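Q: One file is attached below, data_19.cif, containing mmCIF, C-alpha atoms, pLDDT in the B column; chains and numbers go by the auth columns.
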```
data_run
loop_
_atom_site.group_PDB
_atom_site.id
_atom_site.type_symbol
_atom_site.label_atom_id
_atom_site.label_comp_id
_atom_site.label_asym_id
_atom_site.label_seq_id
_atom_site.Cartn_x
_atom_site.Cartn_y
_atom_site.Cartn_z
_atom_site.B_iso_or_equiv
_atom_site.auth_seq_id
_atom_site.auth_asym_id
ATOM 1 C CA CYS A 1 -19.892 39.910 3.563 46.00 1 A
ATOM 2 C CA VAL A 2 -21.488 38.968 0.284 48.00 2 A
ATOM 3 C CA CYS A 3 -20.556 42.336 -1.231 49.00 3 A
ATOM 4 C CA VAL A 4 -16.935 41.852 -0.164 47.00 4 A
ATOM 5 C CA CYS A 5 -16.912 38.429 -1.839 48.00 5 A
ATOM 6 C CA ALA A 6 -18.454 39.874 -4.970 47.00 6 A
ATOM 7 C CA ARG A 7 -15.940 42.717 -5.088 51.00 7 A
ATOM 8 C CA PHE A 8 -13.083 40.250 -4.862 50.00 8 A
ATOM 9 C CA LEU A 9 -14.610 38.038 -7.510 50.00 9 A
ATOM 10 C CA ALA A 10 -15.077 40.984 -9.869 49.00 10 A
ATOM 11 C CA ARG A 11 -11.540 42.307 -9.829 49.00 11 A
ATOM 12 C CA LYS A 12 -8.098 40.894 -10.274 45.00 12 A
ATOM 13 C CA GLN A 13 -5.995 43.558 -8.559 45.00 13 A
ATOM 14 C CA PRO A 14 -6.417 47.192 -7.633 48.00 14 A
ATOM 15 C CA ARG A 15 -4.681 49.697 -9.879 53.00 15 A
ATOM 16 C CA ARG A 16 -1.849 51.502 -8.112 51.00 16 A
ATOM 17 C CA SER A 17 0.801 53.899 -9.180 53.00 17 A
ATOM 18 C CA ASN A 18 4.455 53.095 -8.454 51.00 18 A
ATOM 19 C CA ASN A 19 4.815 56.031 -6.089 47.00 19 A
ATOM 20 C CA GLN A 20 2.194 54.795 -3.638 46.00 20 A
ATOM 21 C CA LYS A 21 3.921 53.937 -0.368 41.00 21 A
ATOM 22 C CA LYS A 22 1.206 52.210 1.631 46.00 22 A
ATOM 23 C CA LYS A 23 0.899 48.463 1.535 46.00 23 A
ATOM 24 C CA CYS A 24 -1.703 47.089 -0.836 44.00 24 A
ATOM 25 C CA ARG A 25 -4.294 44.861 0.842 49.00 25 A
ATOM 26 C CA TRP A 26 -3.831 42.310 -1.951 53.00 26 A
ATOM 27 C CA ASN A 27 -0.052 41.918 -1.383 57.00 27 A
ATOM 28 C CA ASP A 28 -0.552 38.693 0.581 63.00 28 A
ATOM 29 C CA LEU A 29 -2.775 37.226 -2.117 74.00 29 A
ATOM 30 C CA SER A 30 -0.756 34.209 -3.181 82.00 30 A
ATOM 31 C CA VAL A 31 -1.655 30.705 -4.289 85.00 31 A
ATOM 32 C CA PRO A 32 -0.456 29.142 -0.991 86.00 32 A
ATOM 33 C CA ASN A 33 -2.466 31.689 1.026 86.00 33 A
ATOM 34 C CA LEU A 34 -5.531 31.113 -1.141 88.00 34 A
ATOM 35 C CA ARG A 35 -5.196 27.346 -0.739 89.00 35 A
ATOM 36 C CA ALA A 36 -4.851 27.706 3.026 88.00 36 A
ATOM 37 C CA SER A 37 -7.913 29.954 3.086 88.00 37 A
ATOM 38 C CA ALA A 38 -9.889 27.431 1.034 90.00 38 A
ATOM 39 C CA ARG A 39 -8.921 24.613 3.428 90.00 39 A
ATOM 40 C CA HIS A 40 -9.954 26.714 6.413 88.00 40 A
ATOM 41 C CA LEU A 41 -13.277 27.617 4.787 89.00 41 A
ATOM 42 C CA LYS A 42 -14.024 23.949 4.102 90.00 42 A
ATOM 43 C CA GLN A 43 -13.288 23.116 7.754 88.00 43 A
ATOM 44 C CA GLN A 44 -15.600 25.890 8.931 86.00 44 A
ATOM 45 C CA MET A 45 -18.368 24.691 6.605 87.00 45 A
ATOM 46 C CA LYS A 46 -18.032 21.175 8.067 87.00 46 A
ATOM 47 C CA MET A 47 -18.357 22.666 11.537 84.00 47 A
ATOM 48 C CA LEU A 48 -21.559 24.415 10.484 81.00 48 A
ATOM 49 C CA ASP A 49 -22.952 21.091 9.278 79.00 49 A
ATOM 50 C CA MET A 50 -21.927 19.263 12.456 77.00 50 A
ATOM 51 C CA ARG A 51 -23.394 21.672 14.976 70.00 51 A
ATOM 52 C CA GLN A 52 -25.076 19.542 17.626 59.00 52 A
ATOM 53 C CA GLN A 53 -27.174 22.010 19.556 64.00 53 A
ATOM 54 C CA LYS A 54 -29.162 24.831 18.118 65.00 54 A
ATOM 55 C CA PRO A 55 -28.875 28.123 19.981 66.00 55 A
ATOM 56 C CA SER A 56 -32.150 29.526 21.220 67.00 56 A
ATOM 57 C CA THR A 57 -32.445 32.236 18.579 75.00 57 A
ATOM 58 C CA PRO A 58 -35.486 31.789 16.373 78.00 58 A
ATOM 59 C CA ASP A 59 -33.668 32.577 13.113 82.00 59 A
ATOM 60 C CA ILE A 60 -30.705 30.230 13.603 81.00 60 A
ATOM 61 C CA ASP A 61 -31.449 28.253 10.444 83.00 61 A
ATOM 62 C CA LEU A 62 -31.392 31.448 8.385 87.00 62 A
ATOM 63 C CA VAL A 63 -28.141 32.553 10.047 85.00 63 A
ATOM 64 C CA VAL A 64 -26.523 29.206 9.221 86.00 64 A
ATOM 65 C CA GLU A 65 -27.722 29.459 5.613 89.00 65 A
ATOM 66 C CA GLU A 66 -26.223 32.952 5.356 90.00 66 A
ATOM 67 C CA LEU A 67 -22.919 31.846 6.858 90.00 67 A
ATOM 68 C CA ARG A 68 -22.764 28.877 4.503 91.00 68 A
ATOM 69 C CA LEU A 69 -23.463 31.124 1.500 93.00 69 A
ATOM 70 C CA VAL A 70 -20.715 33.544 2.513 92.00 70 A
ATOM 71 C CA ALA A 71 -18.279 30.662 3.058 93.00 71 A
ATOM 72 C CA GLU A 72 -19.117 29.204 -0.362 93.00 72 A
ATOM 73 C CA LEU A 73 -18.713 32.622 -2.025 93.00 73 A
ATOM 74 C CA LEU A 74 -15.339 33.027 -0.341 93.00 74 A
ATOM 75 C CA LEU A 75 -14.332 29.542 -1.444 93.00 75 A
ATOM 76 C CA CYS A 76 -15.310 30.447 -5.004 93.00 76 A
ATOM 77 C CA ALA A 77 -13.245 33.630 -4.673 91.00 77 A
ATOM 78 C CA CYS A 78 -10.243 31.555 -3.522 92.00 78 A
ATOM 79 C CA LEU A 79 -10.596 29.284 -6.541 93.00 79 A
ATOM 80 C CA LEU A 80 -10.867 32.273 -8.869 92.00 80 A
ATOM 81 C CA GLY A 81 -7.825 33.872 -7.253 90.00 81 A
ATOM 82 C CA GLN A 82 -5.806 30.685 -7.727 91.00 82 A
ATOM 83 C CA ALA A 83 -6.829 30.508 -11.384 92.00 83 A
ATOM 84 C CA LEU A 84 -5.943 34.173 -11.943 89.00 84 A
ATOM 85 C CA HIS A 85 -2.509 33.619 -10.428 88.00 85 A
ATOM 86 C CA LYS A 86 -1.915 30.416 -12.358 89.00 86 A
ATOM 87 C CA HIS A 87 -2.813 31.897 -15.741 90.00 87 A
ATOM 88 C CA ASN A 88 -1.723 35.480 -14.962 88.00 88 A
ATOM 89 C CA CYS A 89 -4.732 37.029 -16.684 85.00 89 A
ATOM 90 C CA GLY A 90 -8.166 38.469 -16.011 84.00 90 A
ATOM 91 C CA PRO A 91 -11.302 36.350 -15.564 84.00 91 A
ATOM 92 C CA SER A 92 -12.427 36.697 -19.182 82.00 92 A
ATOM 93 C CA LYS A 93 -9.067 35.371 -20.428 87.00 93 A
ATOM 94 C CA LEU A 94 -9.016 32.199 -18.343 90.00 94 A
ATOM 95 C CA PRO A 95 -9.277 28.892 -20.240 93.00 95 A
ATOM 96 C CA ASN A 96 -12.859 27.920 -21.122 92.00 96 A
ATOM 97 C CA VAL A 97 -12.819 24.840 -18.865 94.00 97 A
ATOM 98 C CA THR A 98 -11.723 26.919 -15.867 94.00 98 A
ATOM 99 C CA ARG A 99 -14.264 29.656 -16.548 93.00 99 A
ATOM 100 C CA THR A 100 -17.068 27.123 -16.980 93.00 100 A
ATOM 101 C CA ASP A 101 -16.145 25.372 -13.727 95.00 101 A
ATOM 102 C CA LEU A 102 -16.055 28.661 -11.808 95.00 102 A
ATOM 103 C CA ALA A 103 -19.320 29.842 -13.366 94.00 103 A
ATOM 104 C CA ASN A 104 -21.006 26.528 -12.504 95.00 104 A
ATOM 105 C CA ARG A 105 -19.927 27.008 -8.892 95.00 105 A
ATOM 106 C CA LEU A 106 -21.036 30.647 -8.788 94.00 106 A
ATOM 107 C CA LEU A 107 -24.402 30.416 -10.547 93.00 107 A
ATOM 108 C CA PRO A 108 -26.290 28.521 -7.795 95.00 108 A
ATOM 109 C CA LEU A 109 -24.790 30.885 -5.225 95.00 109 A
ATOM 110 C CA VAL A 110 -26.296 33.860 -7.077 93.00 110 A
ATOM 111 C CA THR A 111 -29.695 32.160 -6.949 92.00 111 A
ATOM 112 C CA ARG A 112 -29.315 31.477 -3.225 93.00 112 A
ATOM 113 C CA GLN A 113 -28.221 35.081 -2.637 92.00 113 A
ATOM 114 C CA LYS A 114 -31.461 36.293 -4.248 90.00 114 A
ATOM 115 C CA ASP A 115 -33.520 34.100 -1.943 90.00 115 A
ATOM 116 C CA LEU A 116 -31.608 34.836 1.252 90.00 116 A
ATOM 117 C CA TRP A 117 -31.531 38.569 0.627 88.00 117 A
ATOM 118 C CA ALA A 118 -35.307 38.693 0.266 86.00 118 A
ATOM 119 C CA ARG A 119 -35.794 36.813 3.542 88.00 119 A
ATOM 120 C CA ARG A 120 -33.963 39.325 5.719 83.00 120 A
ATOM 121 C CA ASN A 121 -33.295 42.596 3.863 82.00 121 A
ATOM 122 C CA ARG A 122 -35.185 45.194 1.926 79.00 122 A
ATOM 123 C CA LEU A 123 -35.190 44.526 -1.796 77.00 123 A
ATOM 124 C CA GLY A 124 -33.609 47.915 -2.638 77.00 124 A
ATOM 125 C CA GLY A 125 -30.036 46.792 -1.958 81.00 125 A
ATOM 126 C CA ARG A 126 -30.409 43.378 -3.543 85.00 126 A
ATOM 127 C CA ASN A 127 -29.796 44.584 -7.082 85.00 127 A
ATOM 128 C CA ASP A 128 -26.457 46.160 -6.127 83.00 128 A
ATOM 129 C CA SER A 129 -25.336 42.996 -4.383 80.00 129 A
ATOM 130 C CA LEU A 130 -26.428 40.797 -7.277 88.00 130 A
ATOM 131 C CA ALA A 131 -24.925 43.111 -9.898 88.00 131 A
ATOM 132 C CA ARG A 132 -21.460 42.443 -8.508 86.00 132 A
ATOM 133 C CA LEU A 133 -21.911 38.683 -8.639 89.00 133 A
ATOM 134 C CA GLU A 134 -23.590 38.789 -12.042 90.00 134 A
ATOM 135 C CA HIS A 135 -20.723 40.913 -13.400 89.00 135 A
ATOM 136 C CA THR A 136 -18.330 38.140 -12.422 88.00 136 A
ATOM 137 C CA LEU A 137 -20.544 35.573 -14.135 90.00 137 A
ATOM 138 C CA LYS A 138 -20.633 37.754 -17.240 90.00 138 A
ATOM 139 C CA CYS A 139 -16.821 37.977 -17.280 88.00 139 A
ATOM 140 C CA LEU A 140 -16.583 34.217 -16.950 89.00 140 A
ATOM 141 C CA LEU A 141 -19.251 33.319 -19.501 87.00 141 A
ATOM 142 C CA ASP A 142 -19.262 35.962 -22.240 80.00 142 A
ATOM 143 C CA GLU A 143 -16.775 34.412 -24.642 66.00 143 A
ATOM 144 C CA ILE A 144 -17.937 30.872 -23.886 62.00 144 A
ATOM 145 C CA HIS A 145 -21.493 31.745 -24.954 54.00 145 A
ATOM 146 C CA SER A 146 -20.248 33.518 -28.070 51.00 146 A
ATOM 147 C CA LEU A 147 -18.663 30.214 -29.156 48.00 147 A
ATOM 148 C CA ASP A 148 -22.017 28.414 -29.086 46.00 148 A
ATOM 149 C CA PHE A 149 -23.688 28.110 -32.461 37.00 149 A
#
```
Could you quickly redo this structure as structure tokens?

A:
Amino acid sequence: CVCVCARFLARKQPRRSNNQKKKCRWNDLSVPNLRASARHLKQQMKMLDMRQQKPSTPDIDLVVEELRLVAELLLCACLLGQALHKHNCGPSKLPNVTRTDLANRLLPLVTRQKDLWARRNRLGGRNDSLARLEHTLKCLLDEIHSLDF
């Protein structure tokens, strides 16, 4: 799930030639659909917080943390998608305020991904997962940091 979020965050649209007949999976990516997805994600995150009874599995707290991370990554992806549609450009060309806001949302999620990955998975795949998220951060922050003196 995290890799899917990172892939979405890292790319605006797939490149397609005009003669391709099959429907693109991004065709339904619109601001209203992204807003509806964001609302749904927020509702699901509230439900995670309000769970009354813990199931009997010993790793339920870790599972909830992972689900919350994925939901927050997807929410960040929805916000990025809305910004890309609004400004009709790639992540590195978004206004500085928008890029800073998105980067500030994404940065703690990258840190949490590092921690959660190490708690359940082998470290070998962590770098690939993080590289996708860090690429998005780089796209968002590169020109902002070059403006600092």

Q: I need the residue nearest Leu80 (chain A) from this list: A:Lys138, A:Arg105, A:Lys46, A:Arg122. Use all atoms listed in the file for the distance.

A: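 Among the listed residues, the smallest separation from Leu80 (chain A) belongs to A:Arg105.
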
Q: Between CA of Leu133 (chain A) and CA of Gln113 (chain A), what is the distance in Å, rounded to a tenth?

A: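 Calculated distance between CA of Leu133 (chain A) and CA of Gln113 (chain A) is 9.4 Å.
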
Q: Please, what distance in Å, to one decimal, runs between CA of Arg39 (chain A) and CA of Leu79 (chain A)?

A: 11.1 Å

Q: Just to confirm, what's the straight-line distance from CA of Pro91 (chain A) to CA of Ala77 (chain A) in Å (one decimal)?

A: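 Computed distance, CA of Pro91 (chain A) to CA of Ala77 (chain A), equals 11.4 Å.
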
Q: List every protein, DNA or RNA residue that has at least one atom no more than 12 Å from (-28.4, 43.6, -7.9) in the file's coordinates, counting all atoms listed in the file, and write the result as an MDAnalysis selection string.

A: chainID A and resid 2:3 6 110:111 113:114 117:118 123:135

Q: Please give the centre and size of the box around region 77-85 of chain A (axis-aligned, containing every atom listed in the file, 6 Å added per side), with values in Å to one decimal and written as JSON.

A:
```
{"center_x": -7.9, "center_y": 31.7, "center_z": -7.7, "size_x": 22.7, "size_y": 16.9, "size_z": 20.4}
```

Q: Could you give me, as a list in words, the residues within 9 Å of Glu65 (chain A), counting only C-alpha atoms and dropping anything in the same chain fewer than 5 positions from it?

A: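 Surrounding residues, per the criterion: Ile60, Val70 and Leu116 of chain A.
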
Q: With all atoms listed in the file as the atoms that count, which of A:Ser92, A:Lys42, A:Ala83, A:Met47 lies nearest to Ala71 (chain A)?

A: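 Of A:Ser92, A:Lys42, A:Ala83, A:Met47, the one nearest Ala71 (chain A), counting all atoms listed in the file, is A:Lys42.
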
Q: With the PyMOL selection byres ((chain A and resi 38) around 12) as the selection, what would be picked from this file? Answer as a list in words, please.

A: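 When the PyMOL selection byres ((chain A and resi 38) around 12) is applied, the selected residues are Val31, Pro32, Asn33, Leu34, Arg35, Ala36, Ser37, Arg39, His40, Leu41, Lys42, Gln43, Gln44, Met45, Ala71, Glu72, Leu73, Leu74, Leu75, Cys76, Ala77, Cys78, Leu79, Leu80, Gly81 and Gln82 of chain A.
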
Q: Atoms to include: C-alpha atoms. Write the selected residues as a JSON list (two decimals), in the frame of the given file.

A:
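Saved result, selection.json, follows:
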```
[["chain", "number", "residue", "atom", "x", "y", "z"],
["A", 31, "VAL", "CA", -1.66, 30.70, -4.29],
["A", 32, "PRO", "CA", -0.46, 29.14, -0.99],
["A", 33, "ASN", "CA", -2.47, 31.69, 1.03],
["A", 34, "LEU", "CA", -5.53, 31.11, -1.14],
["A", 35, "ARG", "CA", -5.20, 27.35, -0.74],
["A", 36, "ALA", "CA", -4.85, 27.71, 3.03],
["A", 37, "SER", "CA", -7.91, 29.95, 3.09],
["A", 39, "ARG", "CA", -8.92, 24.61, 3.43],
["A", 40, "HIS", "CA", -9.95, 26.71, 6.41],
["A", 41, "LEU", "CA", -13.28, 27.62, 4.79],
["A", 42, "LYS", "CA", -14.02, 23.95, 4.10],
["A", 43, "GLN", "CA", -13.29, 23.12, 7.75],
["A", 44, "GLN", "CA", -15.60, 25.89, 8.93],
["A", 45, "MET", "CA", -18.37, 24.69, 6.60],
["A", 71, "ALA", "CA", -18.28, 30.66, 3.06],
["A", 72, "GLU", "CA", -19.12, 29.20, -0.36],
["A", 73, "LEU", "CA", -18.71, 32.62, -2.02],
["A", 74, "LEU", "CA", -15.34, 33.03, -0.34],
["A", 75, "LEU", "CA", -14.33, 29.54, -1.44],
["A", 76, "CYS", "CA", -15.31, 30.45, -5.00],
["A", 77, "ALA", "CA", -13.24, 33.63, -4.67],
["A", 78, "CYS", "CA", -10.24, 31.56, -3.52],
["A", 79, "LEU", "CA", -10.60, 29.28, -6.54],
["A", 80, "LEU", "CA", -10.87, 32.27, -8.87],
["A", 81, "GLY", "CA", -7.82, 33.87, -7.25],
["A", 82, "GLN", "CA", -5.81, 30.68, -7.73]]
```

Q: Within 6 Å of (-22.3, 26.4, 6.9) (file coordinates; only C-alpha atoms), which protein or nucleic acid residues are there? I'd like them as a ChimeraX atom specification.

A: /A:45,48-49,64,67-68

Q: Restricting the calculation to all atoms listed in the file: of A:Leu107, A:Val63, A:Met50, A:Leu141, which residue gets closest to Arg120 (chain A)?

A: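 For Arg120 (chain A), the nearest of the given residues is A:Val63.
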
Q: Using the chain letters and numbers from this file, what does the PyMOL selection byres ((chain A and resi 93-96) around 9) select? Give the answer as a ChimeraX atom specification.

A: /A:83-84,87-92,97-101,139-141,143-144
